[in-house]
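Let me begin by presenting the structure, written as structure tokens, before commenting on it.
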Amino acid sequence: QVLLEESGGGLVQHGDSLRLSCAASLRSFDTYTVAWFRQAPGKEREFVSAISWSDRSTDYADSVKGRFTISRDNAQNTVYLQMNGLKPEDSAVYYCAADNSEAVTAQALDVEMASAYEYWGQGTQVTVSE
């Protein structure tokens, strides 16, 4: 069973925009913190952005601040990543990840740490050409 499914990736040019979607088949989706990570060939997976389950507070990597916006629609069990001003260095496979341990245990989640997330999608490729 696929619990998280990303979509919206593609091949675009420098400066273009894309909107990624992460559709979740998780019960009580509104209790999950959801994040986006990305991994380029030969590089480690890196944090991109996260949105909390409680107050919808957001967090961004410095490299995407001001260009990317994360949002969620709990009624649709979906999290979005709007990516504007794309650069070639944004090229990577983008993964969404979800975890509800903070809601369950009341212990803060380190949203930028990949190992903190229980559920992962299969990824969607984003390629930005010059």
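Each chain in the structure tokens gets a letter, A, B, ..., in the order shown, and its residues are numbered from 1; ligands are numbered from 1 in order too.
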Inset, instruction - Excluding A:Ser63 and residues on its chain fewer than 4 positions from it, collect all residues at most 10 Å away from it, counting only C-alpha atoms, and give them as a PyMOL selection string. - result: chain A and resi 47-48+67-68+89-90
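For A:Val79, the non-local neighbours within 7 Å, defined as residues at least 4 positions apart in the same chain or in other chains and counting only C-alpha atoms, are Ser21, Cys22, Ala23, Ser71, Arg72 and Asp73 of chain A.
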Legend entry - Nearest-residue call for A:Ser54, choices A:Val126, A:Leu109, A:Ala116, A:Leu11, using only C-alpha atoms: A:Leu109
Inset, instruction - Rank A:Asn77, A:Thr69, A:Gln39, A:Ser57 by their smallest atom-to-atom distance to A:Tyr94, using only C-alpha atoms, and report the top residue only. - result: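 Selected residue with least distance to A:Tyr94: A:Gln39.
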For stretch 29-91 of chain A against stretch 119-125 of chain A, with a cut-off of 10 Å and counting only C-alpha atoms, what is the closest atom pair and its distance in Å to one decimal for every residue that makes the cut, ordered by chain and number, as CSV?
residue,atom,partner,partner_atom,distance
A:Val34,CA,A:Tyr119,CA,9.4
A:Ala35,CA,A:Trp120,CA,9.6
A:Trp36,CA,A:Trp120,CA,9.7
A:Phe37,CA,A:Gly123,CA,9.2
A:Arg38,CA,A:Gly123,CA,8.5
A:Gln39,CA,A:Gly123,CA,9.4
A:Ala40,CA,A:Gln125,CA,9.5
A:Ser91,CA,A:Gln125,CA,7.7
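Between A:Val93 and the residues A:Glu112, A:Asp55, A:Glu44, A:Glu118, the shortest atom-to-atom distance, using only C-alpha atoms, involves A:Glu44.
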Inset, instruction - Find, counting only C-alpha atoms, the residue in A:Leu18, A:Ala24, A:Cys96, A:Ile70 that gets nearest to A:Ser52. - result: A:Ile70
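In terms of minimum interatomic distance to A:Ser129, A:Ala92 ranks closest within A:Ala92, A:Leu4, A:Ile51, A:Ala98, counting only C-alpha atoms.
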Legend entry - Residue contacts of A:Trp53 (9 Å, only C-alpha atoms) excluding same-chain residues fewer than 4 positions away, as a PyMOL selection string: chain A and resi 29-34+57+100+102-103
Inset, instruction - DSSP on the backbone, then: every residue of chain A marked helix (DSSP H, G or I), written as number ranges by chain. - result: A: 29-31, 74-76, 88-90, 101-105, 114-116
Store the residues picked out above in a file with C-alpha atoms, as a PDB file, in the first residue's frame.
ATOM      1  CA  PHE A  29      -3.468  13.065   8.413  1.00  0.00           C
ATOM      2  CA  ASP A  30      -3.893  16.282  10.367  1.00  0.00           C
ATOM      3  CA  THR A  31      -1.685  14.830  13.115  1.00  0.00           C
ATOM      4  CA  ASN A  74      -5.935  18.427   5.396  1.00  0.00           C
ATOM      5  CA  ALA A  75      -9.341  17.968   3.815  1.00  0.00           C
ATOM      6  CA  GLN A  76      -7.573  16.586   0.751  1.00  0.00           C
ATOM      7  CA  PRO A  88      19.696  23.942 -12.036  1.00  0.00           C
ATOM      8  CA  GLU A  89      20.981  23.164  -8.539  1.00  0.00           C
ATOM      9  CA  ASP A  90      17.395  22.389  -7.515  1.00  0.00           C
ATOM     10  CA  SER A 101       5.224  11.054  16.686  1.00  0.00           C
ATOM     11  CA  GLU A 102       5.044  14.630  17.905  1.00  0.00           C
ATOM     12  CA  ALA A 103       1.250  14.471  18.081  1.00  0.00           C
ATOM     13  CA  VAL A 104       1.362  11.079  19.774  1.00  0.00           C
ATOM     14  CA  THR A 105       4.213  11.610  22.262  1.00  0.00           C
ATOM     15  CA  ALA A 114      15.367  12.518   7.608  1.00  0.00           C
ATOM     16  CA  SER A 115      15.584   9.728  10.154  1.00  0.00           C
ATOM     17  CA  ALA A 116      12.808  11.359  12.182  1.00  0.00           C
TER      18      ALA A 116
END
